[in-house]
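Here is work32.pdb, consisting of PDB, C-alpha atoms:
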```
ATOM      1  CA  GLY A 149      95.970  92.829  84.688
ATOM      2  CA  GLU A 150      99.332  93.688  86.180
ATOM      3  CA  ASN A 151     100.558  91.900  89.299
ATOM      4  CA  VAL A 152     103.514  93.197  91.325
ATOM      5  CA  GLU A 153     105.261  91.107  93.962
ATOM      6  CA  GLN A 154     107.633  92.807  96.427
ATOM      7  CA  HIS A 155     110.192  91.210  98.764
ATOM      8  CA  PRO A 156     111.114  91.210 101.549
ATOM      9  CA  SER A 157     108.188  92.523 103.572
ATOM     10  CA  THR A 158     110.577  93.563 106.357
ATOM     11  CA  LEU A 159     114.276  94.387 106.146
ATOM     12  CA  SER A 160     116.455  95.181 109.141
ATOM     13  CA  VAL A 161     120.018  96.483 108.621
ATOM     14  CA  GLN A 162     122.752  98.223 110.568
ATOM     15  CA  GLU A 163     123.590 101.817 109.794
ATOM     16  CA  GLY A 164     126.110 101.951 106.966
ATOM     17  CA  ASP A 165     125.051  98.645 105.423
ATOM     18  CA  SER A 166     123.372  98.349 102.032
ATOM     19  CA  ALA A 167     119.706  97.447 101.550
ATOM     20  CA  VAL A 168     118.118  95.813  98.513
ATOM     21  CA  ILE A 169     114.400  95.509  97.819
ATOM     22  CA  LYS A 170     113.166  93.453  94.883
ATOM     23  CA  CYS A 171     109.985  93.541  92.819
ATOM     24  CA  THR A 172     108.686  91.392  89.999
ATOM     25  CA  TYR A 173     105.893  92.262  87.594
ATOM     26  CA  SER A 174     103.751  90.253  85.221
ATOM     27  CA  ASP A 175     102.730  92.551  82.345
ATOM     28  CA  SER A 176     105.464  92.826  79.738
ATOM     29  CA  ALA A 177     103.798  96.032  78.447
ATOM     30  CA  SER A 178     104.660  97.877  81.672
ATOM     31  CA  ASN A 179     107.306 100.486  80.984
ATOM     32  CA  TYR A 180     107.500 102.769  84.006
ATOM     33  CA  PHE A 181     108.648 101.687  87.465
ATOM     34  CA  PRO A 182     108.601 104.206  90.339
ATOM     35  CA  TRP A 183     109.690 103.698  93.918
ATOM     36  CA  TYR A 184     108.032 105.482  96.820
ATOM     37  CA  LYS A 185     109.101 106.045 100.421
ATOM     38  CA  GLN A 186     106.396 106.400 103.037
ATOM     39  CA  GLU A 187     107.259 107.668 106.491
ATOM     40  CA  LEU A 188     104.916 107.127 109.394
ATOM     41  CA  GLY A 189     101.804 109.271 109.145
ATOM     42  CA  LYS A 190     102.724 110.698 105.752
ATOM     43  CA  GLY A 191     101.819 110.069 102.156
ATOM     44  CA  PRO A 192     104.217 108.181  99.840
ATOM     45  CA  GLN A 193     106.978 110.259  98.278
ATOM     46  CA  LEU A 194     108.564 109.437  94.918
ATOM     47  CA  ILE A 195     112.278 108.791  95.473
ATOM     48  CA  ILE A 196     113.420 107.370  92.141
ATOM     49  CA  ASP A 197     111.943 105.926  88.995
ATOM     50  CA  ILE A 198     113.077 104.106  85.883
ATOM     51  CA  ARG A 199     111.679 103.661  82.432
ATOM     52  CA  SER A 200     112.062 100.565  80.301
ATOM     53  CA  ASN A 201     114.576 102.093  77.925
ATOM     54  CA  VAL A 202     117.280 102.115  80.611
ATOM     55  CA  GLY A 203     118.725  99.379  82.805
ATOM     56  CA  GLU A 204     119.974 101.374  85.776
ATOM     57  CA  LYS A 205     119.543 104.791  87.320
ATOM     58  CA  LYS A 206     121.365 106.342  90.278
ATOM     59  CA  ASP A 207     120.689 109.284  92.540
ATOM     60  CA  GLN A 208     123.314 109.672  95.258
ATOM     61  CA  ARG A 209     122.875 106.699  97.643
ATOM     62  CA  ILE A 210     119.871 105.302  95.802
ATOM     63  CA  ALA A 211     119.860 103.235  92.631
ATOM     64  CA  VAL A 212     117.276 101.261  90.714
ATOM     65  CA  THR A 213     117.976  98.425  88.280
ATOM     66  CA  LEU A 214     115.603  96.953  85.744
ATOM     67  CA  ASN A 215     115.724  93.588  83.977
ATOM     68  CA  LYS A 216     112.958  93.595  81.383
ATOM     69  CA  THR A 217     113.654  90.077  80.212
ATOM     70  CA  ALA A 218     113.182  88.673  83.706
ATOM     71  CA  LYS A 219     110.520  91.270  84.565
ATOM     72  CA  HIS A 220     112.078  92.361  87.784
ATOM     73  CA  PHE A 221     113.450  95.588  89.203
ATOM     74  CA  SER A 222     115.269  96.404  92.413
ATOM     75  CA  LEU A 223     115.951  99.325  94.725
ATOM     76  CA  HIS A 224     119.450  99.622  96.169
ATOM     77  CA  ILE A 225     120.264 101.912  99.091
ATOM     78  CA  THR A 226     123.912 102.217 100.062
ATOM     79  CA  GLU A 227     125.396 103.561 103.307
ATOM     80  CA  THR A 228     122.010 103.388 105.016
ATOM     81  CA  GLN A 229     121.144 105.944 107.679
ATOM     82  CA  PRO A 230     118.483 105.852 110.415
ATOM     83  CA  GLU A 231     116.434 108.404 108.470
ATOM     84  CA  ASP A 232     116.117 105.855 105.670
ATOM     85  CA  SER A 233     113.808 103.874 107.977
ATOM     86  CA  ALA A 234     110.377 103.844 106.304
ATOM     87  CA  VAL A 235     108.087 101.710 104.176
ATOM     88  CA  TYR A 236     109.128 101.462 100.538
ATOM     89  CA  PHE A 237     106.706 100.667  97.719
ATOM     90  CA  CYS A 238     107.474  99.680  94.164
ATOM     91  CA  ALA A 239     104.973 100.102  91.346
ATOM     92  CA  ALA A 240     104.591  99.262  87.684
ATOM     93  CA  LEU A 241     102.488 100.812  84.954
ATOM     94  CA  GLY A 242     102.375 101.411  81.239
ATOM     95  CA  GLY A 243     100.999  99.738  78.178
ATOM     96  CA  GLY A 244      98.535 102.603  77.747
ATOM     97  CA  SER A 245      97.371 102.588  81.375
ATOM     98  CA  TYR A 246      97.992 105.459  83.782
ATOM     99  CA  ILE A 247      96.931 103.419  86.811
ATOM    100  CA  PRO A 248      99.907 101.957  88.689
ATOM    101  CA  THR A 249      99.928  98.599  90.405
ATOM    102  CA  PHE A 250     101.773  98.760  93.718
ATOM    103  CA  GLY A 251     103.713  96.141  95.606
ATOM    104  CA  ARG A 252     102.695  95.413  99.198
ATOM    105  CA  GLY A 253     105.584  97.396 100.644
ATOM    106  CA  THR A 254     108.840  96.741 102.501
ATOM    107  CA  SER A 255     109.389  98.041 106.000
ATOM    108  CA  LEU A 256     113.062  99.055 106.201
ATOM    109  CA  ILE A 257     114.542  99.489 109.660
ATOM    110  CA  VAL A 258     118.023 100.968 109.958
ATOM    111  CA  HIS A 259     119.568 100.446 113.384
ATOM    112  CA  PRO A 260     122.030 103.137 114.587
TER     113      PRO A 260
ATOM    114  CA  GLY B1221     105.559 125.232  95.701
ATOM    115  CA  ALA B1222     102.431 123.885  97.351
ATOM    116  CA  GLY B1223     101.966 120.135  97.281
ATOM    117  CA  VAL B1224      98.822 118.042  97.320
ATOM    118  CA  SER B1225      96.659 118.811 100.324
ATOM    119  CA  GLN B1226      93.879 116.755 101.863
ATOM    120  CA  SER B1227      91.255 117.475 104.475
ATOM    121  CA  PRO B1228      90.391 116.548 107.066
ATOM    122  CA  SER B1229      93.570 114.859 108.262
ATOM    123  CA  ASN B1230      91.551 112.656 110.592
ATOM    124  CA  LYS B1231      87.870 111.740 110.590
ATOM    125  CA  VAL B1232      86.019 109.618 113.110
ATOM    126  CA  THR B1233      82.468 108.719 112.194
ATOM    127  CA  GLU B1234      79.748 106.387 113.326
ATOM    128  CA  LYS B1235      78.772 103.378 111.269
ATOM    129  CA  GLY B1236      76.030 104.290 108.827
ATOM    130  CA  LYS B1237      76.973 107.959 108.481
ATOM    131  CA  ASP B1238      78.155 109.562 105.234
ATOM    132  CA  VAL B1239      81.605 111.151 104.971
ATOM    133  CA  GLU B1240      83.203 113.481 102.446
ATOM    134  CA  LEU B1241      86.947 113.704 101.943
ATOM    135  CA  ARG B1242      88.621 116.519 100.058
ATOM    136  CA  CYS B1243      91.724 116.695  97.879
ATOM    137  CA  ASP B1244      93.412 119.797  96.471
ATOM    138  CA  PRO B1245      95.873 118.735  93.760
ATOM    139  CA  ILE B1246      98.977 120.579  92.649
ATOM    140  CA  SER B1247      98.001 123.467  90.409
ATOM    141  CA  GLY B1248      98.233 122.500  86.741
ATOM    142  CA  HIS B1249      98.094 118.763  87.365
ATOM    143  CA  THR B1250      95.418 117.311  85.115
ATOM    144  CA  ALA B1251      95.420 113.776  86.537
ATOM    145  CA  LEU B1252      94.108 112.945  89.998
ATOM    146  CA  TYR B1253      93.965 109.587  91.783
ATOM    147  CA  TRP B1254      92.328 108.284  94.944
ATOM    148  CA  TYR B1255      93.740 105.284  96.818
ATOM    149  CA  ARG B1256      92.838 103.419  99.959
ATOM    150  CA  GLN B1257      95.509 102.112 102.326
ATOM    151  CA  ARG B1258      94.461  99.770 105.080
ATOM    152  CA  LEU B1259      96.710  99.432 108.131
ATOM    153  CA  GLY B1260      99.997  97.787 107.153
ATOM    154  CA  GLN B1261      98.856  97.222 103.583
ATOM    155  CA  GLY B1262      99.717  98.524 100.148
ATOM    156  CA  LEU B1263      97.855 101.082  98.074
ATOM    157  CA  GLU B1264      94.508 100.084  96.601
ATOM    158  CA  PHE B1265      93.439 102.111  93.558
ATOM    159  CA  LEU B1266      89.940 103.599  93.772
ATOM    160  CA  ILE B1267      89.351 106.132  90.994
ATOM    161  CA  TYR B1268      91.262 108.189  88.400
ATOM    162  CA  PHE B1269      90.375 111.540  86.828
ATOM    163  CA  GLN B1270      92.110 112.897  83.722
ATOM    164  CA  GLY B1271      91.136 116.358  82.547
ATOM    165  CA  ASN B1272      87.557 116.432  81.289
ATOM    166  CA  SER B1273      87.479 112.750  80.369
ATOM    167  CA  ALA B1274      85.111 110.325  82.049
ATOM    168  CA  PRO B1275      86.752 109.047  85.248
ATOM    169  CA  ASP B1276      88.040 105.497  85.582
ATOM    170  CA  LYS B1277      85.953 104.133  88.452
ATOM    171  CA  SER B1278      87.120 100.546  88.131
ATOM    172  CA  GLY B1279      88.630 100.455  91.617
ATOM    173  CA  LEU B1280      85.627 101.623  93.620
ATOM    174  CA  PRO B1281      84.738  98.737  95.969
ATOM    175  CA  SER B1282      80.983  99.346  96.092
ATOM    176  CA  ASP B1283      78.268 101.771  95.040
ATOM    177  CA  ARG B1284      78.601 103.429  98.456
ATOM    178  CA  PHE B1285      81.768 105.062  97.138
ATOM    179  CA  SER B1286      81.672 107.958  94.694
ATOM    180  CA  ALA B1287      83.958 110.812  93.714
ATOM    181  CA  GLU B1288      83.733 114.065  91.839
ATOM    182  CA  ARG B1289      86.205 116.516  90.453
ATOM    183  CA  THR B1290      85.527 120.055  89.323
ATOM    184  CA  GLY B1291      87.524 120.649  86.166
ATOM    185  CA  GLU B1292      91.191 120.230  87.007
ATOM    186  CA  SER B1293      90.927 121.316  90.618
ATOM    187  CA  VAL B1294      89.423 120.028  93.828
ATOM    188  CA  SER B1295      88.128 116.482  94.167
ATOM    189  CA  THR B1296      85.845 114.999  96.793
ATOM    190  CA  LEU B1297      85.499 111.334  97.703
ATOM    191  CA  THR B1298      82.177 110.453  99.318
ATOM    192  CA  ILE B1299      81.466 107.289 101.262
ATOM    193  CA  GLN B1300      77.825 106.700 102.061
ATOM    194  CA  ARG B1301      76.534 104.548 104.912
ATOM    195  CA  THR B1302      80.032 103.927 106.223
ATOM    196  CA  GLN B1303      80.994 100.474 107.465
ATOM    197  CA  GLN B1304      83.784  99.468 109.837
ATOM    198  CA  GLU B1305      85.720  97.918 106.940
ATOM    199  CA  ASP B1306      85.920 101.392 105.389
ATOM    200  CA  SER B1307      88.382 102.378 108.133
ATOM    201  CA  ALA B1308      91.657 103.191 106.372
ATOM    202  CA  VAL B1309      93.849 106.029 105.185
ATOM    203  CA  TYR B1310      92.543 107.583 101.979
ATOM    204  CA  LEU B1311      95.306 109.021  99.826
ATOM    205  CA  CYS B1312      95.027 111.422  96.932
ATOM    206  CA  ALA B1313      97.724 111.916  94.289
ATOM    207  CA  SER B1314      98.060 114.175  91.284
ATOM    208  CA  SER B1315     100.293 114.147  88.235
ATOM    209  CA  LEU B1316     101.046 116.058  85.065
ATOM    210  CA  ALA B1317      99.514 113.878  82.375
ATOM    211  CA  PRO B1318     100.802 112.219  80.289
ATOM    212  CA  SER B1319     103.840 111.846  82.590
ATOM    213  CA  TYR B1320     103.580 109.109  85.184
ATOM    214  CA  GLU B1321     105.106 110.770  88.246
ATOM    215  CA  GLN B1322     102.517 110.969  91.013
ATOM    216  CA  TYR B1323     102.667 113.307  93.988
ATOM    217  CA  PHE B1324     100.752 112.204  97.071
ATOM    218  CA  GLY B1325      98.954 114.161  99.735
ATOM    219  CA  PRO B1326      99.316 113.322 103.443
ATOM    220  CA  GLY B1327      96.081 111.317 103.477
ATOM    221  CA  THR B1328      92.886 111.321 105.527
ATOM    222  CA  ARG B1329      92.711 108.730 108.286
ATOM    223  CA  LEU B1330      89.097 107.524 108.491
ATOM    224  CA  THR B1331      87.917 105.596 111.512
ATOM    225  CA  VAL B1332      84.407 104.137 111.531
ATOM    226  CA  THR B1333      83.169 103.222 114.993
TER     227      THR B1333
END
```
Since I need it in another form, could you write the structure as structure tokens?
Amino acid sequence: GENVEQHPSTLSVQEGDSAVIKCTYSDSASNYFPWYKQELGKGPQLIIDIRSNVGEKKDQRIAVTLNKTAKHFSLHITETQPEDSAVYFCAALGGGSYIPTFGRGTSLIVHP
Amino acid sequence: GAGVSQSPSNKVTEKGKDVELRCDPISGHTALYWYRQRLGQGLEFLIYFQGNSAPDKSGLPSDRFSAERTGESVSTLTIQRTQQEDSAVYLCASSLAPSYEQYFGPGTRLTVT
């Protein structure tokens, strides 16, 4: 089955800095890669996703890049703000399966 | 519009008791998922419903866990004879099949004493 590794487990940055979270996956058939943000006491919220037919996708301060050859994808947050502080999860799915495999999460802390 | 809702938000139960957790998906979403999230951990898949197809139960950790869904609406997750290791947040998500975007509810925090 699919295996998703996510790094780092904790990331601490100063407000205004950029943050990068990286994930690798094992199943080359995976073709959909969502990223979720989970604030304390809440359920995960989809913030951006990418499919295997594109290499990069941007939405304001958030971007995701995908390297299918290397089987890794990354979340980039620019100009971080304290409200970006949360746990971020990556996931991978596809190849006929609708069940995503999640990474273990990254706790992002943005210091004012 | 209304998102995914779950009830109760918190549940404290004694070891050995049965509990029932409820999920109301977004209207029109044919796919529904249950996950378990232990403290500080990632999301562990439990069960997946898609329309009227047989559910994918491959993630259920033991026969004490079961789930039902009525058509394309409400789902209930039942844990029988609860154990302390069942303590976790149980999350429900729904999506418009065949698209992959999942929308999560706020979760039910289960504490087994």
Once you count all atoms listed in the file, which residues end up no further than 10 Å from (85.5, 112.0, 115.7) in the file's frame, shown as a list in words?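 With a cut-off of 10 Å, the residues come to Asn1230, Lys1231, Val1232, Thr1233, Glu1234, Leu1330, Thr1331, Val1332 and Thr1333 of chain B.
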List the residues selected by the PyMOL selection byres ((chain A and resi 216-221) around 10) in the file shown, writing them as a count of residues only. 31
Name the residues that the ChimeraX specification (/B :<9) & /A pulls out of this structure, and write them as a VMD selection string. chain A and resid 180 182 189 to 194 197 237 241 to 242 246 to 253
Would you mind listing what lies within 8 Å of Ile196 of chain A as a VMD selection string, with only C-alpha atoms counted and same-chain residues fewer than 3 positions away left out? chain A and resid 182 to 184 207 210 to 212
Nearest to Gly1271 of chain B, chosen from B:Ser1315, B:Ser1286, B:Ser1307, B:Gln1257, with only C-alpha atoms counted in the distances: B:Ser1315
Mind giving me the straight-line distance from atom CA of Glu1288 of chain B to atom CA of Gly244 of chain A in Å, one decimal? 23.4 Å
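For the atom pair formed by atom CA of Ser1295 of chain B and atom CA of Glu187 of chain A, the distance is 24.4 Å, given to one decimal.
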Save segment 1242-1282 of chain B to a file: N, CA and C atoms, as a short mmCIF file (atom, residue, chain, number, x, y, z; two decimals), in the first residue's frame.
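Now in selection25.cif:
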```cif
data_model
loop_
_atom_site.label_atom_id
_atom_site.label_comp_id
_atom_site.auth_asym_id
_atom_site.auth_seq_id
_atom_site.Cartn_x
_atom_site.Cartn_y
_atom_site.Cartn_z
N ARG B 1242 -22.18 10.09 15.75
CA ARG B 1242 -23.01 10.43 14.59
C ARG B 1242 -22.32 11.42 13.67
N CYS B 1243 -22.56 11.25 12.37
CA CYS B 1243 -22.01 12.16 11.37
C CYS B 1243 -23.10 12.53 10.37
N ASP B 1244 -23.27 13.83 10.15
CA ASP B 1244 -24.18 14.32 9.11
C ASP B 1244 -23.33 14.93 8.00
N PRO B 1245 -23.27 14.28 6.84
CA PRO B 1245 -22.39 14.79 5.77
C PRO B 1245 -23.02 15.98 5.07
N ILE B 1246 -22.26 16.59 4.19
CA ILE B 1246 -22.79 17.66 3.36
C ILE B 1246 -23.82 17.07 2.41
N SER B 1247 -24.93 17.74 2.27
CA SER B 1247 -26.00 17.25 1.41
C SER B 1247 -25.49 17.05 -0.02
N GLY B 1248 -25.79 15.86 -0.58
CA GLY B 1248 -25.37 15.57 -1.94
C GLY B 1248 -24.05 14.86 -2.04
N HIS B 1249 -23.30 14.80 -0.94
CA HIS B 1249 -22.03 14.08 -0.95
C HIS B 1249 -22.29 12.58 -0.82
N THR B 1250 -21.82 11.82 -1.82
CA THR B 1250 -22.10 10.39 -1.81
C THR B 1250 -21.06 9.59 -1.04
N ALA B 1251 -19.87 10.14 -0.86
CA ALA B 1251 -18.81 9.41 -0.17
C ALA B 1251 -18.67 9.92 1.26
N LEU B 1252 -18.46 9.00 2.18
CA LEU B 1252 -18.33 9.35 3.60
C LEU B 1252 -17.22 8.49 4.20
N TYR B 1253 -16.37 9.13 5.00
CA TYR B 1253 -15.22 8.47 5.62
C TYR B 1253 -15.25 8.69 7.13
N TRP B 1254 -14.76 7.69 7.85
CA TRP B 1254 -14.49 7.83 9.28
C TRP B 1254 -12.98 7.63 9.50
N TYR B 1255 -12.43 8.49 10.36
CA TYR B 1255 -11.02 8.40 10.74
C TYR B 1255 -10.91 8.47 12.26
N ARG B 1256 -9.79 7.96 12.74
CA ARG B 1256 -9.46 8.09 14.15
C ARG B 1256 -8.16 8.88 14.24
N GLN B 1257 -8.12 9.82 15.20
CA GLN B 1257 -6.91 10.62 15.40
C GLN B 1257 -6.54 10.59 16.87
N ARG B 1258 -5.51 9.86 17.19
CA ARG B 1258 -5.02 9.83 18.56
C ARG B 1258 -4.22 11.11 18.83
N LEU B 1259 -4.07 11.45 20.10
CA LEU B 1259 -3.46 12.70 20.50
C LEU B 1259 -2.09 12.87 19.85
N GLY B 1260 -1.92 13.97 19.12
CA GLY B 1260 -0.64 14.26 18.48
C GLY B 1260 -0.28 13.39 17.32
N GLN B 1261 -1.23 12.62 16.82
CA GLN B 1261 -0.95 11.69 15.72
C GLN B 1261 -1.67 12.11 14.44
N GLY B 1262 -1.39 11.36 13.39
CA GLY B 1262 -2.05 11.60 12.11
C GLY B 1262 -3.42 10.96 12.07
N LEU B 1263 -3.99 10.92 10.89
CA LEU B 1263 -5.34 10.39 10.69
C LEU B 1263 -5.28 8.93 10.28
N GLU B 1264 -6.00 8.10 11.01
CA GLU B 1264 -6.05 6.67 10.75
C GLU B 1264 -7.40 6.33 10.12
N PHE B 1265 -7.37 5.84 8.90
CA PHE B 1265 -8.61 5.49 8.19
C PHE B 1265 -9.33 4.34 8.88
N LEU B 1266 -10.65 4.45 9.00
CA LEU B 1266 -11.45 3.39 9.61
C LEU B 1266 -12.36 2.71 8.59
N ILE B 1267 -13.23 3.51 7.93
CA ILE B 1267 -14.23 2.92 7.04
C ILE B 1267 -14.65 3.96 6.01
N TYR B 1268 -15.08 3.48 4.84
CA TYR B 1268 -15.47 4.35 3.72
C TYR B 1268 -16.77 3.84 3.13
N PHE B 1269 -17.72 4.76 2.95
CA PHE B 1269 -18.99 4.47 2.30
C PHE B 1269 -19.05 5.24 0.98
N GLN B 1270 -19.54 4.59 -0.07
CA GLN B 1270 -19.73 5.24 -1.36
C GLN B 1270 -21.10 4.84 -1.90
N GLY B 1271 -22.03 5.76 -1.87
CA GLY B 1271 -23.36 5.50 -2.39
C GLY B 1271 -23.96 4.26 -1.77
N ASN B 1272 -24.48 3.38 -2.62
CA ASN B 1272 -25.10 2.14 -2.15
C ASN B 1272 -24.17 0.94 -2.23
N SER B 1273 -22.89 1.20 -2.52
CA SER B 1273 -21.93 0.11 -2.60
C SER B 1273 -21.59 -0.41 -1.22
N ALA B 1274 -21.08 -1.64 -1.18
CA ALA B 1274 -20.64 -2.20 0.11
C ALA B 1274 -19.51 -1.34 0.66
N PRO B 1275 -19.53 -1.02 1.95
CA PRO B 1275 -18.49 -0.17 2.52
C PRO B 1275 -17.13 -0.86 2.55
N ASP B 1276 -16.09 -0.05 2.50
CA ASP B 1276 -14.72 -0.54 2.67
C ASP B 1276 -14.40 -0.48 4.16
N LYS B 1277 -14.35 -1.62 4.81
CA LYS B 1277 -14.16 -1.70 6.25
C LYS B 1277 -12.72 -2.05 6.62
N SER B 1278 -11.82 -1.93 5.66
CA SER B 1278 -10.47 -2.44 5.85
C SER B 1278 -9.70 -1.76 6.98
N GLY B 1279 -10.13 -0.59 7.41
CA GLY B 1279 -9.41 0.11 8.46
C GLY B 1279 -9.93 -0.12 9.87
N LEU B 1280 -11.03 -0.80 10.01
CA LEU B 1280 -11.58 -1.02 11.35
C LEU B 1280 -10.61 -1.87 12.17
N PRO B 1281 -10.23 -1.40 13.37
CA PRO B 1281 -9.18 -2.08 14.13
C PRO B 1281 -9.60 -3.38 14.79
N SER B 1282 -10.89 -3.56 15.03
CA SER B 1282 -11.36 -4.80 15.66
C SER B 1282 -12.84 -4.95 15.39
#
```
